[in-house]
Structure formats: structure tokens, C-alpha cells
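Before any comments, here is the structure.
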Amino acid sequence: MKINQLNIALTKDEAIVLFEFLTRFNEKEDDSLFEDQSEQNVLWNIECILEKELHEPFKKNYNDILKFARENVRDNQTE
């Protein structure tokens, strides 16, 4: 059986920000957020993939790394 795959490219900073969001989101115990359990499963899978690829979340200075990544990803719009 051939598995269809879709590859998505993220910068390291985007991956760190996404990992942090998914980690927090996946800890929520609110099944009403999903129409189907498959949606939750996909988010768990993405979190697992990122956890395998990223070394930063396990570093002592992760909070600083995350802050820097968020600043790099954030829209720097001036009002």
C-alpha cells in the first residue's frame, strides 16, 4: 500500500513556536474543540514529529529560545 505524504517546510523558529502551541493545546481536556477524534490525532502526530526533530525544547535555556523564535515569527507591524 502506497502512503500519500505531504511535506511542509517550516523554519526552525516556526517549528519551535508551533511545537510550543501544540504542546499546550494537546494538554487541554476539551473534546468539544474537535468534530472528530482524527483531528486530535493529527495534532498529536505533528507534536510527536516536532518533538523528534527539535532539540531546543530540552535545553535549559528553552524559554529564551522560545522568546527569540516568537519574536522572529511575529508580525512586526507598527501602528
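FYI, nothing fancy with the C-alpha cells labels: chains A, B, ... in order, residues from 1 per chain, ligands from 1 as they appear.
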
- Message: Residues within 12 Å of His55 (chain A), please, as a ChimeraX atom specification. Count only C-alpha atoms; anything in the same chain fewer than 5 positions from it doesn't count.
- Response: /A:12,15-16,19,49-50,60-62,65

Please, could you write that set of residues out with all heavy atoms as an mmCIF file, in the first residue's frame?
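Result file again02.cif:
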data_model
loop_
_atom_site.group_PDB
_atom_site.id
_atom_site.type_symbol
_atom_site.label_atom_id
_atom_site.label_comp_id
_atom_site.auth_asym_id
_atom_site.auth_seq_id
_atom_site.Cartn_x
_atom_site.Cartn_y
_atom_site.Cartn_z
ATOM 1 N N LYS A 12 13.120 26.872 11.544
ATOM 2 C CA LYS A 12 13.339 26.359 12.899
ATOM 3 C C LYS A 12 12.496 27.138 13.900
ATOM 4 O O LYS A 12 11.866 26.569 14.784
ATOM 5 C CB LYS A 12 14.827 26.452 13.256
ATOM 6 C CG LYS A 12 15.166 25.996 14.643
ATOM 7 C CD LYS A 12 15.015 24.494 14.851
ATOM 8 C CE LYS A 12 16.088 23.756 14.169
ATOM 9 N NZ LYS A 12 16.847 22.803 14.926
ATOM 10 N N ALA A 15 8.888 26.126 13.689
ATOM 11 C CA ALA A 15 8.713 24.797 14.280
ATOM 12 C C ALA A 15 8.693 24.877 15.810
ATOM 13 O O ALA A 15 7.879 24.202 16.457
ATOM 14 C CB ALA A 15 9.824 23.867 13.804
ATOM 15 N N ILE A 16 9.539 25.703 16.380
ATOM 16 C CA ILE A 16 9.572 25.866 17.836
ATOM 17 C C ILE A 16 8.268 26.476 18.328
ATOM 18 O O ILE A 16 7.673 25.998 19.311
ATOM 19 C CB ILE A 16 10.792 26.719 18.258
ATOM 20 C CG1 ILE A 16 12.081 25.933 18.010
ATOM 21 C CG2 ILE A 16 10.687 27.167 19.716
ATOM 22 C CD1 ILE A 16 13.340 26.765 18.116
ATOM 23 N N PHE A 19 5.493 23.895 17.936
ATOM 24 C CA PHE A 19 5.643 22.854 18.946
ATOM 25 C C PHE A 19 5.105 23.332 20.290
ATOM 26 O O PHE A 19 4.371 22.615 20.973
ATOM 27 C CB PHE A 19 7.101 22.426 19.083
ATOM 28 C CG PHE A 19 7.328 21.464 20.199
ATOM 29 C CD1 PHE A 19 6.988 20.129 20.057
ATOM 30 C CD2 PHE A 19 7.868 21.892 21.405
ATOM 31 C CE1 PHE A 19 7.185 19.219 21.109
ATOM 32 C CE2 PHE A 19 8.065 21.002 22.449
ATOM 33 C CZ PHE A 19 7.721 19.666 22.304
ATOM 34 N N ILE A 49 6.159 14.483 15.805
ATOM 35 C CA ILE A 49 7.154 14.689 14.749
ATOM 36 C C ILE A 49 8.098 15.826 15.134
ATOM 37 O O ILE A 49 9.322 15.704 15.028
ATOM 38 C CB ILE A 49 6.477 14.976 13.397
ATOM 39 C CG1 ILE A 49 5.762 13.722 12.886
ATOM 40 C CG2 ILE A 49 7.473 15.495 12.369
ATOM 41 C CD1 ILE A 49 4.797 13.983 11.737
ATOM 42 N N LEU A 50 7.523 16.934 15.605
ATOM 43 C CA LEU A 50 8.345 18.072 16.003
ATOM 44 C C LEU A 50 9.224 17.728 17.198
ATOM 45 O O LEU A 50 10.390 18.136 17.266
ATOM 46 C CB LEU A 50 7.461 19.283 16.320
ATOM 47 C CG LEU A 50 6.761 19.912 15.121
ATOM 48 C CD1 LEU A 50 5.746 20.955 15.575
ATOM 49 C CD2 LEU A 50 7.766 20.519 14.159
ATOM 50 N N LYS A 60 18.214 23.876 28.662
ATOM 51 C CA LYS A 60 17.936 24.657 29.871
ATOM 52 C C LYS A 60 17.422 26.061 29.551
ATOM 53 O O LYS A 60 16.634 26.617 30.300
ATOM 54 C CB LYS A 60 19.182 24.743 30.747
ATOM 55 C CG LYS A 60 19.545 23.446 31.401
ATOM 56 C CD LYS A 60 20.752 23.608 32.296
ATOM 57 C CE LYS A 60 21.087 22.269 32.945
ATOM 58 N NZ LYS A 60 22.230 22.391 33.857
ATOM 59 N N ASN A 61 17.901 26.617 28.448
ATOM 60 C CA ASN A 61 17.515 27.990 28.090
ATOM 61 C C ASN A 61 16.354 28.005 27.077
ATOM 62 O O ASN A 61 16.216 28.940 26.296
ATOM 63 C CB ASN A 61 18.711 28.760 27.555
ATOM 64 C CG ASN A 61 19.255 28.183 26.253
ATOM 65 O OD1 ASN A 61 19.091 26.995 25.960
ATOM 66 N ND2 ASN A 61 19.911 29.025 25.473
ATOM 67 N N TYR A 62 15.500 26.976 27.138
ATOM 68 C CA TYR A 62 14.395 26.880 26.173
ATOM 69 C C TYR A 62 13.487 28.104 26.197
ATOM 70 O O TYR A 62 13.051 28.566 25.145
ATOM 71 C CB TYR A 62 13.567 25.611 26.417
ATOM 72 C CG TYR A 62 12.360 25.527 25.521
ATOM 73 C CD1 TYR A 62 12.505 25.439 24.136
ATOM 74 C CD2 TYR A 62 11.070 25.549 26.037
ATOM 75 C CE1 TYR A 62 11.395 25.367 23.298
ATOM 76 C CE2 TYR A 62 9.969 25.474 25.207
ATOM 77 C CZ TYR A 62 10.138 25.385 23.839
ATOM 78 O OH TYR A 62 9.045 25.324 23.025
ATOM 79 N N ILE A 65 15.042 30.642 24.081
ATOM 80 C CA ILE A 65 14.966 30.211 22.677
ATOM 81 C C ILE A 65 13.558 30.443 22.139
ATOM 82 O O ILE A 65 13.377 30.951 21.032
ATOM 83 C CB ILE A 65 15.381 28.731 22.548
ATOM 84 C CG1 ILE A 65 16.862 28.561 22.888
ATOM 85 C CG2 ILE A 65 15.065 28.187 21.163
ATOM 86 C CD1 ILE A 65 17.310 27.114 23.061
#

Write out as a short mmCIF file (atom, residue, chain, number, x, y, z; two decimals) with all heavy atoms, in the first residue's frame the set of residues from chain A that DSSP, computed on the backbone, places in helix (DSSP H, G or I).
data_model
loop_
_atom_site.label_atom_id
_atom_site.label_comp_id
_atom_site.auth_asym_id
_atom_site.auth_seq_id
_atom_site.Cartn_x
_atom_site.Cartn_y
_atom_site.Cartn_z
N LYS A 12 13.12 26.87 11.54
CA LYS A 12 13.34 26.36 12.90
C LYS A 12 12.50 27.14 13.90
O LYS A 12 11.87 26.57 14.78
CB LYS A 12 14.83 26.45 13.26
CG LYS A 12 15.17 26.00 14.64
CD LYS A 12 15.02 24.49 14.85
CE LYS A 12 16.09 23.76 14.17
NZ LYS A 12 16.85 22.80 14.93
N ASP A 13 12.45 28.47 13.73
CA ASP A 13 11.66 29.30 14.64
C ASP A 13 10.17 28.97 14.54
O ASP A 13 9.49 28.88 15.57
CB ASP A 13 11.89 30.79 14.35
CG ASP A 13 13.27 31.26 14.78
OD1 ASP A 13 13.87 30.63 15.68
OD2 ASP A 13 13.75 32.25 14.20
N GLU A 14 9.67 28.78 13.35
CA GLU A 14 8.26 28.40 13.18
C GLU A 14 7.97 27.05 13.83
O GLU A 14 6.94 26.88 14.49
CB GLU A 14 7.89 28.34 11.69
CG GLU A 14 7.84 29.69 11.02
CD GLU A 14 7.72 29.60 9.51
OE1 GLU A 14 8.17 28.59 8.92
OE2 GLU A 14 7.19 30.56 8.92
N ALA A 15 8.89 26.13 13.69
CA ALA A 15 8.71 24.80 14.28
C ALA A 15 8.69 24.88 15.81
O ALA A 15 7.88 24.20 16.46
CB ALA A 15 9.82 23.87 13.80
N ILE A 16 9.54 25.70 16.38
CA ILE A 16 9.57 25.87 17.84
C ILE A 16 8.27 26.48 18.33
O ILE A 16 7.67 26.00 19.31
CB ILE A 16 10.79 26.72 18.26
CG1 ILE A 16 12.08 25.93 18.01
CG2 ILE A 16 10.69 27.17 19.72
CD1 ILE A 16 13.34 26.77 18.12
N VAL A 17 7.80 27.52 17.66
CA VAL A 17 6.55 28.18 18.05
C VAL A 17 5.37 27.20 17.91
O VAL A 17 4.52 27.10 18.79
CB VAL A 17 6.32 29.46 17.22
CG1 VAL A 17 4.93 30.03 17.46
CG2 VAL A 17 7.38 30.50 17.56
N LEU A 18 5.33 26.47 16.81
CA LEU A 18 4.26 25.51 16.60
C LEU A 18 4.31 24.39 17.64
O LEU A 18 3.28 24.00 18.18
CB LEU A 18 4.33 24.92 15.19
CG LEU A 18 3.27 23.88 14.84
CD1 LEU A 18 1.86 24.44 14.98
CD2 LEU A 18 3.51 23.35 13.42
N PHE A 19 5.49 23.89 17.94
CA PHE A 19 5.64 22.85 18.95
C PHE A 19 5.11 23.33 20.29
O PHE A 19 4.37 22.62 20.97
CB PHE A 19 7.10 22.43 19.08
CG PHE A 19 7.33 21.46 20.20
CD1 PHE A 19 6.99 20.13 20.06
CD2 PHE A 19 7.87 21.89 21.41
CE1 PHE A 19 7.18 19.22 21.11
CE2 PHE A 19 8.06 21.00 22.45
CZ PHE A 19 7.72 19.67 22.30
N GLU A 20 5.47 24.53 20.69
CA GLU A 20 5.01 25.07 21.97
C GLU A 20 3.49 25.19 22.00
O GLU A 20 2.84 24.81 22.98
CB GLU A 20 5.66 26.43 22.23
CG GLU A 20 5.29 27.05 23.56
CD GLU A 20 5.78 26.25 24.76
OE1 GLU A 20 6.75 25.48 24.64
OE2 GLU A 20 5.16 26.40 25.83
N PHE A 21 2.91 25.69 20.91
CA PHE A 21 1.45 25.81 20.84
C PHE A 21 0.78 24.44 20.94
O PHE A 21 -0.16 24.24 21.71
CB PHE A 21 1.03 26.50 19.53
CG PHE A 21 -0.44 26.40 19.29
CD1 PHE A 21 -1.34 27.19 19.98
CD2 PHE A 21 -0.94 25.49 18.36
CE1 PHE A 21 -2.71 27.08 19.76
CE2 PHE A 21 -2.30 25.37 18.13
CZ PHE A 21 -3.19 26.17 18.84
N LEU A 22 1.27 23.48 20.15
CA LEU A 22 0.67 22.14 20.14
C LEU A 22 0.80 21.46 21.50
O LEU A 22 -0.12 20.77 21.94
CB LEU A 22 1.29 21.27 19.05
CG LEU A 22 0.92 21.65 17.62
CD1 LEU A 22 1.72 20.81 16.63
CD2 LEU A 22 -0.57 21.48 17.39
N THR A 23 1.93 21.66 22.15
CA THR A 23 2.13 21.06 23.47
C THR A 23 1.07 21.57 24.45
O THR A 23 0.44 20.80 25.16
CB THR A 23 3.54 21.38 24.00
OG1 THR A 23 4.50 20.84 23.09
CG2 THR A 23 3.76 20.79 25.38
N ARG A 24 0.86 22.89 24.46
CA ARG A 24 -0.16 23.47 25.34
C ARG A 24 -1.55 23.02 24.92
O ARG A 24 -2.38 22.63 25.75
CB ARG A 24 -0.09 25.00 25.31
CG ARG A 24 0.98 25.61 26.15
CD ARG A 24 0.78 27.12 26.34
NE ARG A 24 0.09 27.80 25.28
CZ ARG A 24 0.66 28.29 24.16
NH1 ARG A 24 1.96 28.15 23.99
NH2 ARG A 24 -0.05 28.91 23.26
N PHE A 25 -1.84 23.09 23.62
CA PHE A 25 -3.17 22.76 23.11
C PHE A 25 -3.52 21.30 23.37
O PHE A 25 -4.64 20.99 23.79
CB PHE A 25 -3.23 23.05 21.61
CG PHE A 25 -4.60 22.88 21.03
CD1 PHE A 25 -5.54 23.90 21.14
CD2 PHE A 25 -4.96 21.71 20.39
CE1 PHE A 25 -6.82 23.73 20.61
CE2 PHE A 25 -6.22 21.54 19.86
CZ PHE A 25 -7.16 22.56 19.97
N ASN A 26 -2.56 20.41 23.15
CA ASN A 26 -2.82 18.98 23.30
C ASN A 26 -2.99 18.57 24.76
O ASN A 26 -3.49 17.48 25.04
CB ASN A 26 -1.72 18.15 22.64
CG ASN A 26 -1.83 18.20 21.13
OD1 ASN A 26 -2.88 18.44 20.57
ND2 ASN A 26 -0.71 17.99 20.47
N ASP A 31 -12.79 17.91 24.55
CA ASP A 31 -13.11 17.22 23.31
C ASP A 31 -14.07 18.00 22.42
O ASP A 31 -14.22 17.68 21.24
CB ASP A 31 -13.71 15.84 23.62
CG ASP A 31 -12.69 14.89 24.21
OD1 ASP A 31 -11.48 15.11 24.01
OD2 ASP A 31 -13.12 13.93 24.89
N SER A 32 -14.69 19.04 22.96
CA SER A 32 -15.62 19.83 22.15
C SER A 32 -14.90 20.66 21.10
O SER A 32 -15.53 21.20 20.19
CB SER A 32 -16.47 20.74 23.04
OG SER A 32 -15.67 21.77 23.60
N LEU A 33 -13.57 20.75 21.20
CA LEU A 33 -12.79 21.51 20.22
C LEU A 33 -12.71 20.79 18.88
O LEU A 33 -12.35 21.38 17.88
CB LEU A 33 -11.37 21.76 20.75
CG LEU A 33 -11.27 22.59 22.02
CD1 LEU A 33 -9.84 22.55 22.57
CD2 LEU A 33 -11.70 24.02 21.75
N GLN A 37 -12.31 12.69 16.33
CA GLN A 37 -11.08 12.35 17.03
C GLN A 37 -9.88 12.36 16.09
O GLN A 37 -8.75 12.59 16.52
CB GLN A 37 -11.21 10.98 17.72
CG GLN A 37 -10.12 10.71 18.75
CD GLN A 37 -8.84 10.16 18.16
OE1 GLN A 37 -8.83 9.52 17.11
NE2 GLN A 37 -7.73 10.41 18.83
N SER A 38 -10.10 12.18 14.80
CA SER A 38 -9.00 12.19 13.83
C SER A 38 -8.27 13.54 13.84
O SER A 38 -7.05 13.59 13.65
CB SER A 38 -9.51 11.88 12.42
OG SER A 38 -10.41 12.88 11.98
N GLU A 39 -9.00 14.63 14.09
CA GLU A 39 -8.38 15.95 14.15
C GLU A 39 -7.39 16.02 15.32
O GLU A 39 -6.27 16.53 15.17
CB GLU A 39 -9.45 17.03 14.28
CG GLU A 39 -10.37 17.10 13.09
CD GLU A 39 -11.61 17.93 13.33
OE1 GLU A 39 -11.94 18.24 14.49
OE2 GLU A 39 -12.27 18.27 12.33
N GLN A 40 -7.82 15.51 16.46
CA GLN A 40 -6.95 15.47 17.63
C GLN A 40 -5.73 14.59 17.37
O GLN A 40 -4.62 14.94 17.72
CB GLN A 40 -7.74 14.96 18.83
CG GLN A 40 -6.99 15.02 20.13
CD GLN A 40 -7.85 14.54 21.29
OE1 GLN A 40 -8.68 13.65 21.14
NE2 GLN A 40 -7.66 15.14 22.44
N ASN A 41 -5.95 13.48 16.71
CA ASN A 41 -4.87 12.55 16.42
C ASN A 41 -3.82 13.19 15.51
O ASN A 41 -2.62 13.01 15.72
CB ASN A 41 -5.44 11.28 15.77
CG ASN A 41 -4.46 10.14 15.81
OD1 ASN A 41 -3.78 9.92 16.80
ND2 ASN A 41 -4.39 9.42 14.71
N VAL A 42 -4.26 13.96 14.53
CA VAL A 42 -3.32 14.64 13.62
C VAL A 42 -2.46 15.63 14.40
O VAL A 42 -1.24 15.71 14.20
CB VAL A 42 -4.07 15.35 12.47
CG1 VAL A 42 -3.16 16.28 11.71
CG2 VAL A 42 -4.70 14.32 11.54
N LEU A 43 -3.07 16.37 15.32
CA LEU A 43 -2.30 17.33 16.12
C LEU A 43 -1.30 16.62 17.03
O LEU A 43 -0.17 17.08 17.20
CB LEU A 43 -3.24 18.23 16.93
CG LEU A 43 -4.11 19.17 16.10
CD1 LEU A 43 -5.02 19.98 17.01
CD2 LEU A 43 -3.28 20.07 15.22
N TRP A 44 -1.70 15.49 17.60
CA TRP A 44 -0.75 14.71 18.40
C TRP A 44 0.42 14.24 17.55
O TRP A 44 1.56 14.30 17.97
CB TRP A 44 -1.44 13.48 19.00
CG TRP A 44 -2.34 13.76 20.17
CD1 TRP A 44 -2.29 14.80 21.05
CD2 TRP A 44 -3.43 12.93 20.60
NE1 TRP A 44 -3.29 14.69 21.99
CE2 TRP A 44 -3.99 13.54 21.74
CE3 TRP A 44 -3.97 11.74 20.13
CZ2 TRP A 44 -5.08 12.99 22.41
CZ3 TRP A 44 -5.05 11.20 20.82
CH2 TRP A 44 -5.59 11.82 21.94
N ASN A 45 0.10 13.78 16.34
CA ASN A 45 1.15 13.28 15.44
C ASN A 45 2.14 14.38 15.07
O ASN A 45 3.35 14.16 15.03
CB ASN A 45 0.55 12.66 14.19
CG ASN A 45 -0.17 11.36 14.47
OD1 ASN A 45 0.00 10.75 15.52
ND2 ASN A 45 -1.01 10.94 13.54
N ILE A 46 1.62 15.57 14.78
CA ILE A 46 2.50 16.69 14.43
C ILE A 46 3.39 17.05 15.62
O ILE A 46 4.59 17.29 15.46
CB ILE A 46 1.70 17.91 13.95
CG1 ILE A 46 1.00 17.58 12.62
CG2 ILE A 46 2.59 19.14 13.79
CD1 ILE A 46 0.01 18.63 12.17
N GLU A 47 2.81 17.06 16.81
CA GLU A 47 3.61 17.34 18.00
C GLU A 47 4.73 16.31 18.16
O GLU A 47 5.88 16.66 18.46
CB GLU A 47 2.73 17.35 19.25
CG GLU A 47 3.50 17.65 20.52
CD GLU A 47 2.66 17.57 21.78
OE1 GLU A 47 1.43 17.36 21.70
OE2 GLU A 47 3.25 17.72 22.86
N CYS A 48 4.41 15.06 17.94
CA CYS A 48 5.42 13.99 18.06
C CYS A 48 6.53 14.14 17.02
O CYS A 48 7.71 13.94 17.33
CB CYS A 48 4.76 12.61 17.92
SG CYS A 48 3.77 12.15 19.35
N ILE A 49 6.16 14.48 15.80
CA ILE A 49 7.15 14.69 14.75
C ILE A 49 8.10 15.83 15.13
O ILE A 49 9.32 15.70 15.03
CB ILE A 49 6.48 14.98 13.40
CG1 ILE A 49 5.76 13.72 12.89
CG2 ILE A 49 7.47 15.50 12.37
CD1 ILE A 49 4.80 13.98 11.74
N LEU A 50 7.52 16.93 15.61
CA LEU A 50 8.34 18.07 16.00
C LEU A 50 9.22 17.73 17.20
O LEU A 50 10.39 18.14 17.27
CB LEU A 50 7.46 19.28 16.32
CG LEU A 50 6.76 19.91 15.12
CD1 LEU A 50 5.75 20.95 15.57
CD2 LEU A 50 7.77 20.52 14.16
N GLU A 51 8.68 16.97 18.14
CA GLU A 51 9.46 16.59 19.32
C GLU A 51 10.68 15.75 18.93
O GLU A 51 11.75 15.89 19.52
CB GLU A 51 8.57 15.81 20.28
CG GLU A 51 9.23 15.49 21.60
CD GLU A 51 8.26 14.87 22.58
OE1 GLU A 51 7.22 14.32 22.17
OE2 GLU A 51 8.57 14.92 23.78
N LYS A 52 10.54 14.92 17.91
CA LYS A 52 11.66 14.11 17.44
C LYS A 52 12.70 14.95 16.71
O LYS A 52 13.88 14.64 16.73
CB LYS A 52 11.16 13.01 16.49
CG LYS A 52 10.38 11.92 17.18
CD LYS A 52 9.86 10.92 16.17
CE LYS A 52 8.91 9.94 16.80
NZ LYS A 52 8.29 9.05 15.82
N GLU A 53 12.27 16.01 16.06
CA GLU A 53 13.17 16.83 15.24
C GLU A 53 13.86 17.95 16.01
O GLU A 53 14.95 18.37 15.65
CB GLU A 53 12.40 17.44 14.06
CG GLU A 53 11.90 16.42 13.05
CD GLU A 53 13.03 15.72 12.32
OE1 GLU A 53 14.04 16.38 11.98
OE2 GLU A 53 12.92 14.50 12.10
N GLU A 56 15.78 21.90 20.88
CA GLU A 56 15.65 23.11 21.69
C GLU A 56 14.74 22.96 22.91
O GLU A 56 15.07 23.48 23.98
CB GLU A 56 15.17 24.29 20.81
CG GLU A 56 16.19 24.78 19.82
CD GLU A 56 16.30 23.91 18.56
OE1 GLU A 56 15.54 22.92 18.42
OE2 GLU A 56 17.15 24.24 17.72
N PRO A 57 13.58 22.27 22.79
CA PRO A 57 12.70 22.18 23.97
C PRO A 57 13.33 21.47 25.17
O PRO A 57 12.83 21.59 26.28
CB PRO A 57 11.50 21.39 23.44
CG PRO A 57 11.47 21.69 21.98
CD PRO A 57 12.93 21.75 21.60
N PHE A 58 14.42 20.79 24.97
CA PHE A 58 15.05 20.05 26.05
C PHE A 58 16.29 20.76 26.61
O PHE A 58 16.97 20.23 27.47
CB PHE A 58 15.42 18.64 25.56
CG PHE A 58 14.23 17.95 24.96
CD1 PHE A 58 14.08 17.87 23.58
CD2 PHE A 58 13.22 17.44 25.76
CE1 PHE A 58 12.96 17.25 23.02
CE2 PHE A 58 12.11 16.82 25.22
CZ PHE A 58 11.98 16.73 23.85
N TYR A 62 15.50 26.98 27.14
CA TYR A 62 14.40 26.88 26.17
C TYR A 62 13.49 28.10 26.20
O TYR A 62 13.05 28.57 25.14
CB TYR A 62 13.57 25.61 26.42
CG TYR A 62 12.36 25.53 25.52
CD1 TYR A 62 12.51 25.44 24.14
CD2 TYR A 62 11.07 25.55 26.04
CE1 TYR A 62 11.40 25.37 23.30
CE2 TYR A 62 9.97 25.47 25.21
CZ TYR A 62 10.14 25.38 23.84
OH TYR A 62 9.04 25.32 23.02
N ASN A 63 13.22 28.65 27.37
CA ASN A 63 12.35 29.82 27.43
C ASN A 63 12.93 30.99 26.64
O ASN A 63 12.20 31.72 25.96
CB ASN A 63 12.07 30.23 28.87
CG ASN A 63 11.13 29.27 29.56
OD1 ASN A 63 10.32 28.60 28.92
ND2 ASN A 63 11.25 29.17 30.87
N ASP A 64 14.23 31.17 26.70
CA ASP A 64 14.88 32.22 25.91
C ASP A 64 14.81 31.90 24.42
O ASP A 64 14.57 32.79 23.60
CB ASP A 64 16.34 32.39 26.34
CG ASP A 64 16.49 32.93 27.75
OD1 ASP A 64 15.59 33.66 28.21
OD2 ASP A 64 17.50 32.60 28.39
N ILE A 65 15.04 30.64 24.08
CA ILE A 65 14.97 30.21 22.68
C ILE A 65 13.56 30.44 22.14
O ILE A 65 13.38 30.95 21.03
CB ILE A 65 15.38 28.73 22.55
CG1 ILE A 65 16.86 28.56 22.89
CG2 ILE A 65 15.06 28.19 21.16
CD1 ILE A 65 17.31 27.11 23.06
N LEU A 66 12.55 30.08 22.94
CA LEU A 66 11.16 30.26 22.53
C LEU A 66 10.83 31.74 22.35
O LEU A 66 10.20 32.13 21.35
CB LEU A 66 10.22 29.63 23.56
CG LEU A 66 8.73 29.81 23.32
CD1 LEU A 66 8.29 29.21 21.99
CD2 LEU A 66 7.94 29.20 24.49
N LYS A 67 11.27 32.57 23.28
CA LYS A 67 11.02 34.02 23.17
C LYS A 67 11.63 34.57 21.89
O LYS A 67 10.98 35.32 21.16
CB LYS A 67 11.61 34.73 24.40
CG LYS A 67 11.40 36.22 24.38
CD LYS A 67 12.01 36.88 25.61
CE LYS A 67 11.87 38.38 25.51
NZ LYS A 67 12.52 39.07 26.62
N PHE A 68 12.85 34.19 21.59
CA PHE A 68 13.53 34.64 20.38
C PHE A 68 12.79 34.15 19.13
O PHE A 68 12.59 34.90 18.17
CB PHE A 68 14.98 34.13 20.39
CG PHE A 68 15.79 34.59 19.22
CD1 PHE A 68 16.27 35.88 19.15
CD2 PHE A 68 16.07 33.71 18.19
CE1 PHE A 68 17.02 36.31 18.06
CE2 PHE A 68 16.83 34.12 17.09
CZ PHE A 68 17.30 35.43 17.03
N ALA A 69 12.36 32.89 19.14
CA ALA A 69 11.64 32.33 18.00
C ALA A 69 10.33 33.06 17.78
O ALA A 69 9.96 33.39 16.64
CB ALA A 69 11.38 30.84 18.22
N ARG A 70 9.60 33.33 18.86
CA ARG A 70 8.32 34.07 18.73
C ARG A 70 8.56 35.46 18.16
O ARG A 70 7.78 35.92 17.32
CB ARG A 70 7.65 34.17 20.10
CG ARG A 70 7.01 32.88 20.55
CD ARG A 70 6.45 33.00 21.94
NE ARG A 70 5.64 31.84 22.28
CZ ARG A 70 5.28 31.54 23.52
NH1 ARG A 70 5.66 32.32 24.53
NH2 ARG A 70 4.56 30.47 23.75
N GLU A 71 9.60 36.12 18.59
CA GLU A 71 9.91 37.46 18.07
C GLU A 71 10.23 37.39 16.58
O GLU A 71 9.84 38.29 15.82
CB GLU A 71 11.09 38.07 18.84
CG GLU A 71 10.72 38.48 20.24
CD GLU A 71 11.91 38.90 21.09
OE1 GLU A 71 13.06 38.90 20.59
OE2 GLU A 71 11.69 39.22 22.28
N ASN A 72 10.91 36.35 16.15
CA ASN A 72 11.26 36.21 14.74
C ASN A 72 10.06 35.87 13.86
O ASN A 72 10.03 36.23 12.68
CB ASN A 72 12.34 35.14 14.55
CG ASN A 72 13.69 35.61 15.01
OD1 ASN A 72 13.96 36.80 15.07
ND2 ASN A 72 14.53 34.67 15.37
N VAL A 73 9.08 35.18 14.43
CA VAL A 73 7.92 34.75 13.66
C VAL A 73 6.81 35.80 13.70
O VAL A 73 6.06 35.95 12.72
CB VAL A 73 7.39 33.40 14.20
CG1 VAL A 73 6.09 33.01 13.53
CG2 VAL A 73 8.44 32.30 13.99
#

- Task: Find the distance between CA of Asp75 (chain A) and CA of Ile8 (chain A) and write it in Å to one decimal.
- Result: 20.6 Å
